[in-house]
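Source file upload_27.cif; content: mmCIF, C-alpha atoms.
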data_upload
#
loop_
_atom_site.label_atom_id
_atom_site.label_comp_id
_atom_site.auth_asym_id
_atom_site.auth_seq_id
_atom_site.Cartn_x
_atom_site.Cartn_y
_atom_site.Cartn_z
CA MET V 516 -9.49 -22.49 39.85
CA LYS V 517 -10.97 -24.12 36.82
CA ALA V 518 -13.44 -22.36 34.60
CA ARG V 519 -15.33 -23.03 31.43
CA VAL V 520 -16.59 -20.81 28.65
CA THR V 521 -19.16 -22.36 26.33
CA VAL V 522 -19.80 -20.68 23.00
CA THR V 523 -22.90 -21.57 21.01
CA LEU V 524 -24.43 -20.28 17.78
CA LYS V 525 -27.38 -17.97 18.21
CA SER V 526 -30.68 -19.44 17.16
CA GLY V 527 -31.59 -18.68 13.59
CA ILE V 528 -27.95 -18.79 12.45
CA LEU V 529 -27.45 -21.49 9.85
CA ASP V 530 -25.02 -24.17 11.07
CA PRO V 531 -23.84 -26.32 8.13
CA GLN V 532 -21.50 -28.33 10.38
CA GLY V 533 -24.27 -29.14 12.85
CA LYS V 534 -26.48 -30.17 9.92
CA ALA V 535 -23.77 -32.49 8.56
CA ILE V 536 -23.30 -34.09 12.00
CA GLU V 537 -27.06 -34.47 12.32
CA GLY V 538 -27.14 -36.23 8.94
CA ALA V 539 -24.23 -38.51 9.93
CA LEU V 540 -25.95 -39.50 13.17
CA LYS V 541 -29.10 -40.35 11.24
CA SER V 542 -27.13 -42.48 8.78
CA LEU V 543 -25.45 -44.26 11.73
CA GLY V 544 -28.89 -45.21 12.95
CA VAL V 545 -28.73 -43.19 16.19
CA ASP V 546 -32.40 -42.79 17.03
CA GLY V 547 -34.29 -39.92 18.57
CA ILE V 548 -32.10 -36.98 17.52
CA ALA V 549 -34.13 -34.04 16.29
CA SER V 550 -31.29 -31.63 15.51
CA VAL V 551 -27.64 -30.81 16.23
CA ARG V 552 -25.91 -27.45 16.68
CA GLN V 553 -22.14 -27.34 17.03
CA GLY V 554 -20.40 -25.06 19.53
CA LYS V 555 -17.09 -24.65 21.34
CA VAL V 556 -15.90 -25.28 24.88
CA PHE V 557 -12.87 -23.51 26.42
CA ASP V 558 -11.45 -25.01 29.61
CA ILE V 559 -9.56 -22.27 31.37
CA GLU V 560 -7.28 -22.30 34.39
CA ILE V 561 -7.79 -19.17 36.52
CA ALA V 562 -4.91 -17.60 38.47
CA GLY V 563 -5.99 -16.73 42.04
CA SER V 564 -9.17 -17.63 43.88
CA ASP V 565 -11.47 -14.60 43.54
CA THR V 566 -14.62 -15.91 41.85
CA ALA V 567 -16.11 -12.51 41.04
CA LYS V 568 -12.85 -11.34 39.51
CA ALA V 569 -12.60 -14.57 37.53
CA GLU V 570 -16.09 -14.11 36.11
CA THR V 571 -15.25 -10.57 35.03
CA ALA V 572 -12.07 -11.77 33.33
CA LEU V 573 -13.90 -14.62 31.57
CA LYS V 574 -16.62 -12.31 30.28
CA ASP V 575 -13.95 -9.94 29.06
CA ALA V 576 -12.20 -12.83 27.29
CA ALA V 577 -15.43 -13.98 25.67
CA ASP V 578 -16.44 -10.49 24.52
CA LYS V 579 -13.00 -9.61 23.19
CA LEU V 580 -12.03 -12.86 21.52
CA LEU V 581 -13.64 -16.20 22.35
CA ALA V 582 -17.07 -15.42 20.89
CA ASN V 583 -18.17 -13.45 17.86
CA THR V 584 -21.23 -11.89 19.44
CA VAL V 585 -22.71 -11.15 16.02
CA ILE V 586 -23.52 -14.84 15.65
CA GLU V 587 -22.63 -16.49 18.95
CA ASN V 588 -23.79 -16.55 22.58
CA TYR V 589 -21.54 -17.56 25.44
CA ARG V 590 -21.87 -18.88 28.96
CA VAL V 591 -19.25 -18.45 31.68
CA GLU V 592 -18.85 -20.89 34.59
CA VAL V 593 -16.33 -20.86 37.41
CA LEU V 594 -16.06 -24.52 38.39
CA GLY V 595 -13.94 -23.96 41.53
CA MET Q 197 -0.63 4.92 -5.24
CA LYS Q 198 1.21 4.13 -2.01
CA SER Q 199 -0.14 0.88 -0.72
CA ALA Q 200 0.58 -1.18 2.36
CA VAL Q 201 0.01 -4.94 2.54
CA LEU Q 202 -0.49 -6.37 6.02
CA VAL Q 203 1.35 -9.56 6.88
CA PHE Q 204 0.08 -11.95 9.55
CA PRO Q 205 1.52 -15.35 10.51
CA GLY Q 206 -0.14 -17.90 8.21
CA ILE Q 207 -0.99 -15.45 5.45
CA ASN Q 208 0.09 -16.78 2.04
CA ARG Q 209 -1.30 -14.45 -0.62
CA GLU Q 210 0.59 -11.32 0.35
CA ARG Q 211 3.15 -11.67 -2.44
CA ASP Q 212 0.52 -12.23 -5.12
CA MET Q 213 -1.15 -9.07 -3.85
CA ALA Q 214 2.12 -7.11 -3.80
CA ARG Q 215 2.81 -8.17 -7.39
CA ALA Q 216 -0.64 -7.08 -8.58
CA LEU Q 217 -0.33 -3.73 -6.78
CA LYS Q 218 3.07 -3.08 -8.31
CA LEU Q 219 1.80 -4.01 -11.75
CA ALA Q 220 -1.14 -1.61 -11.44
CA SER Q 221 0.59 1.33 -9.79
CA GLY Q 222 4.26 0.99 -10.69
CA HIS Q 223 5.18 1.04 -7.00
CA ALA Q 224 5.95 -1.89 -4.77
CA PRO Q 225 3.75 -1.79 -1.64
CA ALA Q 226 5.14 -1.63 1.87
CA MET Q 227 4.82 -4.97 3.63
CA VAL Q 228 3.62 -4.26 7.16
CA TRP Q 229 4.06 -6.85 9.93
CA HIS Q 230 1.07 -7.42 12.22
CA ALA Q 231 2.93 -6.27 15.34
CA GLU Q 232 3.45 -2.75 13.95
CA THR Q 233 1.41 -0.03 15.63
CA SER Q 234 1.40 2.41 12.71
CA LEU Q 235 1.19 2.44 8.92
CA PRO Q 236 3.89 3.97 6.69
CA LYS Q 237 3.42 7.72 6.23
CA GLY Q 238 1.47 8.68 3.14
CA THR Q 239 -0.29 5.31 2.75
CA ASP Q 240 -3.22 5.60 0.29
CA LEU Q 241 -4.46 2.03 0.42
CA VAL Q 242 -4.22 -0.73 3.01
CA VAL Q 243 -4.64 -4.29 1.77
CA VAL Q 244 -5.45 -7.21 4.05
CA PRO Q 245 -4.48 -10.19 1.90
CA GLY Q 246 -5.69 -13.76 1.81
CA GLY Q 247 -4.33 -16.86 3.44
CA PHE Q 248 -4.86 -18.62 6.73
CA SER Q 249 -3.84 -16.20 9.46
CA TYR Q 250 -3.15 -18.10 12.67
CA GLY Q 251 -4.18 -21.31 10.93
CA ASP Q 252 -7.84 -20.21 11.02
CA TYR Q 253 -7.77 -21.11 14.73
CA LEU Q 254 -10.78 -20.11 16.84
CA ARG Q 255 -12.62 -18.50 13.89
CA CYS Q 256 -11.23 -17.42 10.52
CA GLY Q 257 -9.54 -14.05 10.97
CA ALA Q 258 -10.46 -13.75 14.65
CA ILE Q 259 -6.94 -13.59 16.06
CA ALA Q 260 -5.48 -11.44 13.27
CA ALA Q 261 -8.35 -8.97 13.75
CA ARG Q 262 -7.05 -8.29 17.27
CA SER Q 263 -3.42 -7.60 16.21
CA PRO Q 264 -1.78 -4.27 17.08
CA VAL Q 265 -1.67 -3.19 13.42
CA MET Q 266 -5.46 -3.39 13.19
CA ASP Q 267 -5.83 -0.42 15.54
CA ALA Q 268 -3.80 1.58 13.04
CA VAL Q 269 -6.01 0.30 10.22
CA ARG Q 270 -9.12 1.30 12.17
CA GLY Q 271 -7.77 4.83 12.55
CA PHE Q 272 -6.79 4.94 8.87
CA ALA Q 273 -10.28 3.81 7.80
CA SER Q 274 -12.03 6.28 10.09
CA ASP Q 275 -9.97 9.05 8.44
CA GLY Q 276 -11.41 7.89 5.10
CA GLY Q 277 -8.42 5.84 3.92
CA LEU Q 278 -9.10 3.03 1.45
CA VAL Q 279 -8.96 -0.52 2.80
CA LEU Q 280 -9.25 -3.67 0.70
CA GLY Q 281 -9.61 -7.12 2.27
CA VAL Q 282 -9.50 -10.24 0.13
CA CYS Q 283 -10.54 -13.72 1.27
CA ASN Q 284 -9.03 -14.12 4.76
CA GLY Q 285 -8.69 -10.33 4.62
CA PHE Q 286 -12.49 -10.06 4.28
CA GLN Q 287 -12.89 -12.38 7.27
CA ILE Q 288 -10.40 -10.29 9.27
CA LEU Q 289 -12.24 -7.03 8.45
CA CYS Q 290 -15.54 -8.55 9.60
CA GLU Q 291 -13.98 -9.86 12.81
CA ALA Q 292 -12.40 -6.45 13.41
CA GLY Q 293 -15.80 -4.80 13.14
CA LEU Q 294 -14.79 -2.75 10.09
CA LEU Q 295 -17.44 -4.54 8.04
CA PRO Q 296 -20.77 -5.95 9.21
CA GLY Q 297 -21.71 -9.62 9.18
CA VAL Q 298 -19.70 -12.79 9.25
CA LEU Q 299 -18.29 -15.44 6.89
CA MET Q 300 -19.62 -18.86 7.76
CA ARG Q 301 -18.69 -22.35 6.55
CA ASN Q 302 -19.61 -22.86 2.88
CA ALA Q 303 -23.16 -24.17 2.66
CA ARG Q 304 -22.05 -27.44 1.03
CA LEU Q 305 -19.14 -27.73 3.48
CA LYS Q 306 -16.51 -28.06 0.74
CA PHE Q 307 -13.41 -25.96 0.25
CA ILE Q 308 -13.92 -24.34 -3.14
CA CYS Q 309 -10.88 -23.62 -5.30
CA ARG Q 310 -11.79 -22.57 -8.84
CA ASP Q 311 -12.67 -19.66 -11.08
CA VAL Q 312 -16.04 -18.04 -10.51
CA HIS Q 313 -17.96 -15.27 -12.24
CA LEU Q 314 -18.91 -12.07 -10.51
CA ARG Q 315 -21.31 -9.34 -11.48
CA VAL Q 316 -20.01 -5.86 -10.76
CA GLU Q 317 -23.05 -4.11 -9.31
CA ARG Q 318 -21.98 -0.50 -9.80
CA SER Q 319 -19.04 1.38 -11.24
CA ASP Q 320 -19.14 4.59 -9.23
CA THR Q 321 -16.95 3.46 -6.31
CA PRO Q 322 -13.16 3.50 -5.86
CA PHE Q 323 -13.24 -0.31 -5.88
CA THR Q 324 -15.23 -0.75 -9.08
CA ARG Q 325 -14.54 2.26 -11.28
CA GLY Q 326 -12.30 0.13 -13.50
CA TYR Q 327 -15.42 -1.80 -14.56
CA ASN Q 328 -18.83 -1.05 -16.01
CA ALA Q 329 -21.94 -1.56 -13.90
CA GLY Q 330 -23.34 -4.99 -14.71
CA GLN Q 331 -20.04 -6.25 -16.14
CA ILE Q 332 -19.29 -9.95 -15.60
CA ILE Q 333 -15.73 -10.77 -14.58
CA ARG Q 334 -13.97 -14.08 -13.96
CA VAL Q 335 -11.72 -14.43 -10.90
CA PRO Q 336 -10.60 -17.34 -8.73
CA VAL Q 337 -11.85 -18.24 -5.26
CA ALA Q 338 -10.13 -20.46 -2.70
CA HIS Q 339 -11.99 -20.70 0.57
CA GLY Q 340 -13.87 -22.98 2.93
CA GLU Q 341 -15.63 -20.23 4.85
CA GLY Q 342 -16.96 -17.63 2.46
CA ASN Q 343 -20.67 -17.91 3.11
CA TYR Q 344 -21.56 -14.32 3.94
CA GLU Q 345 -24.31 -13.95 6.52
CA ALA Q 346 -25.74 -10.98 8.38
CA ASP Q 347 -28.98 -10.27 10.17
CA GLU Q 348 -31.96 -9.21 8.08
CA GLU Q 349 -31.69 -5.58 9.07
CA THR Q 350 -28.04 -5.43 7.96
CA LEU Q 351 -28.76 -7.17 4.65
CA LYS Q 352 -31.59 -4.74 3.98
CA ARG Q 353 -29.28 -1.82 4.63
CA LEU Q 354 -26.50 -3.26 2.46
CA GLU Q 355 -28.93 -3.63 -0.45
CA GLY Q 356 -30.73 -0.35 0.14
CA GLU Q 357 -27.51 1.63 0.32
CA GLY Q 358 -25.98 -0.09 -2.72
CA ARG Q 359 -23.16 -1.55 -0.67
CA VAL Q 360 -23.02 -4.93 -2.38
CA LEU Q 361 -20.37 -4.34 -5.06
CA TYR Q 362 -19.73 -7.91 -6.25
CA ARG Q 363 -22.13 -10.82 -6.51
CA TYR Q 364 -21.60 -14.44 -7.59
CA CYS Q 365 -23.22 -15.22 -10.93
CA SER Q 366 -22.99 -17.61 -13.88
CA ALA Q 367 -20.85 -16.90 -16.96
CA GLU Q 368 -24.01 -15.40 -18.50
CA GLY Q 369 -24.57 -13.19 -15.48
CA ILE Q 370 -27.42 -15.18 -13.96
CA ILE Q 371 -27.68 -14.92 -10.20
CA ASP Q 372 -29.33 -17.97 -8.69
CA GLU Q 373 -28.77 -20.86 -6.31
CA ASN Q 374 -26.51 -22.68 -8.80
CA SER Q 375 -24.13 -19.77 -9.27
CA ASN Q 376 -24.09 -18.94 -5.55
CA ILE Q 377 -21.05 -21.13 -4.87
CA ASN Q 378 -20.96 -20.94 -1.07
CA GLY Q 379 -24.56 -20.18 -0.13
CA ALA Q 380 -23.88 -16.53 0.74
CA ALA Q 381 -26.87 -14.37 1.59
CA GLN Q 382 -28.08 -12.73 -1.63
CA SER Q 383 -25.07 -14.17 -3.50
CA ILE Q 384 -22.84 -11.59 -1.85
CA ALA Q 385 -19.18 -11.82 -2.85
CA GLY Q 386 -18.06 -8.33 -1.80
CA ILE Q 387 -19.41 -5.45 0.29
CA VAL Q 388 -18.32 -2.00 1.43
CA ASN Q 389 -18.78 -0.28 4.77
CA GLU Q 390 -21.23 2.57 5.29
CA ARG Q 391 -18.74 5.21 4.22
CA GLY Q 392 -17.73 3.22 1.13
CA ASN Q 393 -13.98 3.23 1.82
CA VAL Q 394 -13.57 -0.35 3.11
CA LEU Q 395 -14.20 -3.29 0.76
CA GLY Q 396 -14.16 -6.96 1.70
CA MET Q 397 -14.47 -9.66 -0.94
CA MET Q 398 -13.92 -13.43 -0.98
CA PRO Q 399 -12.60 -13.84 -4.58
CA HIS Q 400 -8.99 -13.10 -5.53
CA PRO Q 401 -8.77 -10.37 -8.19
CA GLU Q 402 -4.97 -10.28 -7.66
CA ASN Q 403 -4.72 -13.72 -9.24
CA HIS Q 404 -6.16 -12.61 -12.59
CA VAL Q 405 -3.99 -9.68 -13.57
CA GLU Q 406 -1.43 -11.03 -16.05
CA ASP Q 407 -1.77 -12.84 -19.39
CA ILE Q 408 0.21 -15.79 -18.04
CA MET Q 409 -2.58 -16.31 -15.47
CA GLY Q 410 -4.99 -17.02 -18.32
CA CYS Q 411 -7.24 -14.08 -17.54
CA THR Q 412 -6.82 -10.42 -16.63
CA ASP Q 413 -10.30 -9.62 -15.37
CA GLY Q 414 -8.95 -8.71 -11.92
CA ARG Q 415 -6.97 -5.77 -13.28
CA GLY Q 416 -9.97 -3.47 -13.33
CA LEU Q 417 -10.17 -3.37 -9.55
CA PHE Q 418 -6.55 -2.26 -9.15
CA ALA Q 419 -6.60 0.07 -12.15
CA GLY Q 420 -9.75 1.66 -10.71
CA LEU Q 421 -8.08 2.26 -7.36
CA VAL Q 422 -5.06 3.85 -9.06
CA ALA Q 423 -7.32 6.08 -11.17
CA HIS Q 424 -9.38 7.07 -8.13
CA LEU Q 425 -6.32 8.05 -6.11
CA GLU Q 426 -4.75 9.94 -8.99
CA ARG Q 427 -7.89 11.94 -9.42
CA ALA Q 428 -8.08 12.63 -5.69
CA ALA Q 429 -4.44 13.81 -5.61
#
Here is a file; write its structure as structure tokens.
Amino acid sequence: MKARVTVTLKSGILDPQGKAIEGALKSLGVDGIASVRQGKVFDIEIAGSDTAKAETALKDAADKLLANTVIENYRVEVLG
Amino acid sequence: MKSAVLVFPGINRERDMARALKLASGHAPAMVWHAETSLPKGTDLVVVPGGFSYGDYLRCGAIAARSPVMDAVRGFASDGGLVLGVCNGFQILCEAGLLPGVLMRNARLKFICRDVHLRVERSDTPFTRGYNAGQIIRVPVAHGEGNYEADEETLKRLEGEGRVLYRYCSAEGIIDENSNINGAAQSIAGIVNERGNVLGMMPHPENHVEDIMGCTDGRGLFAGLVAHLERAA
């Protein structure tokens, strides 16, 4: 099974990289962008086919390592 | 002073640190590999040195913070043992939950490698007793992610409990936006945990300890630790 963990910065946390990308997009003339926040995507291959078990493992992975929950939120998806 | 310097893959300041510790204490530190599950018997001070553990992959210090040796360091710290983290070591201690907050990308996005000035906020701690409160020292920094951030509540507590030990300032001791090299909250360069036995700091005091380095302002930190431990013994 394929799964995805998406890690994003919590709101209110300053994101200098997102700001720089936002500035670059503006200077490229890409219209209509109000703001940019940078995050991370982890594409994960799950062993077995138990969705509930996979979700538990992914949450465990995110809590223990993939996200720093002081500053980041995460979302777990089992894509099947 | 029996010190132990942790070694992670990608760390590159461990020998500078070992040299400074030997100079200050007369004893070479034990070099402890990250896969170890215990610290050498009789260790007085654990140092998490600077560098780029695991190539800064994922987040700076994130992978090193989950190494087997860090469980031993956690136990050592909860028994009151002294722990010093410098640069990547500071990032590792934050990721390991031994210090609050996080070190974000420098506000102006640049890697900063130069000497900076720090104001020593108080002298009554094991990590600052080699200095006077309010003293200005010059030490180098070399980091891209040293912008200390924490939630408002944590910052309030750090200030209220006098846990900010080092702050970025100008040569004259002025603390403002210009001297705050990386945009850190309240110009924070170094903080201690609640108990006061774990210090994390971005600058490298170990690189200003000998005349040949052009400055010896970093000596005070190590001399202070030696004096503290001698008094405790």
Worksheet item: Applied to the shown file, which residues does the PyMOL selection byres ((chain V and resi 584-591) around 10) return, written as a PyMOL selection string?
Response: (chain V and resi 518-529+554-557+569-574+577-583+592-594) or (chain Q and resi 290-291+293+296-298+300+345-347)
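For Gly396 of chain Q, the non-local neighbours within 8 Å, defined as residues at least 3 positions apart in the same chain or in other chains and counting only C-alpha atoms, are Leu280, Gly281, Val282, Cys283, Gly285, Phe286, Gln287, Leu289, Leu295, Gly386, Ile387 and Val388 of chain Q.
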Discussion item. To test your reading of the syntax: which residues would the PyMOL selection byres ((chain Q and resi 362-376) around 9) return for the file shown? Reply as a ChimeraX atom specification.
Written reply: /Q:312-318,324,330-334,360-361,377-387,397
Fill in: the PyMOL selection byres ((chain Q and resi 238) around 12) resolved against shown file, as JSON, numbers by chain
{"Q": [197, 198, 199, 200, 225, 226, 234, 235, 236, 237, 239, 240, 241, 242, 272, 277, 429]}
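The set of protein, DNA and RNA residues with any counted atom at most 10 Å from (-20.6, -26.4, 11.4) (only C-alpha atoms) reads Leu524, Leu529, Asp530, Pro531, Gln532, Gly533, Lys534, Ala535, Ile536, Val551, Arg552, Gln553 and Gly554 of chain V; Met300, Arg301, Asn302, Ala303 and Leu305 of chain Q.
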Just want the 7 Å neighbourhood of Pro336 of chain Q, counted on all atoms listed in the file, with same-chain residues fewer than 2 positions away dropped. Output as a compact mmCIF listing (two decimals) with C-alpha atoms, in the frame of the given file.
# COMPACT_ATOMS: atom_id res chain seq x y z
CA ARG Q 310 -11.79 -22.57 -8.84
CA ASP Q 311 -12.67 -19.66 -11.08
CA VAL Q 312 -16.04 -18.04 -10.51
CA ALA Q 338 -10.13 -20.46 -2.70
CA PRO Q 399 -12.60 -13.84 -4.58
CA HIS Q 400 -8.99 -13.10 -5.53
CA ASN Q 403 -4.72 -13.72 -9.24
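The coordinates place atom CA of Val422 of chain Q at 7.1 Å from atom CA of Ala220 of chain Q.
Distances from Q:Asp407, Q:Asp320, Q:Glu348, Q:Asp413 to chain V were compared using all atoms listed in the file, and the smallest one belongs to Q:Glu348.
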Discussion item. Please report the interatomic distance between atom CA of Gly340 of chain Q and atom CA of Gly246 of chain Q in Å with one decimal.
Written reply: 12.4 Å
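The gap separating atom CA of Gly538 of chain V from atom CA of Phe248 of chain Q is 28.5 Å, in Å to one decimal.
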Item to complete: With a distance cut-off of 8 Å and only C-alpha atoms, select the neighbouring residues of His339 of chain Q, excluding the residue or stretch itself and same-chain residues fewer than 6 positions from it, and output the selection as a PyMOL selection string.
Response: chain Q and resi 283+307-309+398
Go ahead and write the selection's residues with C-alpha atoms as a short mmCIF file (atom, residue, chain, number, x, y, z; two decimals), in the coordinates of the input.
data_model
loop_
_atom_site.label_atom_id
_atom_site.label_comp_id
_atom_site.auth_asym_id
_atom_site.auth_seq_id
_atom_site.Cartn_x
_atom_site.Cartn_y
_atom_site.Cartn_z
CA CYS Q 283 -10.54 -13.72 1.27
CA PHE Q 307 -13.41 -25.96 0.25
CA ILE Q 308 -13.92 -24.34 -3.14
CA CYS Q 309 -10.88 -23.62 -5.30
CA MET Q 398 -13.92 -13.43 -0.98
#
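Every protein, DNA or RNA residue with an atom at most 9 Å from Pro264 of chain Q, where only C-alpha atoms count and chain neighbours fewer than 4 positions away do not, is listed here: Q:His230, Q:Ala231, Q:Glu232, Q:Thr233, Q:Ser234, Q:Ala260, Q:Ala268.
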With 8 Å on each side, where is the centre of the axis-aligned box around all listed atoms of segment 331-337 of chain Q, and how long are its edges in Å to one decimal, as AutoDock Vina command-line options?
--center_x -15.3 --center_y -12.2 --center_z -10.7 --size_x 25.4 --size_y 28.0 --size_z 26.9
Worksheet entry | Residue contacts of Glu210 of chain Q (10 Å, all atoms listed in the file) excluding same-chain residues fewer than 3 positions away, as a list in words | Val201, Leu202, Val203, Phe204, Ile207, Met213, Ala214, Arg215, Ala216, Met227, Val243, Val244, Pro245, Gly246, Gly247 and Glu402 of chain Q
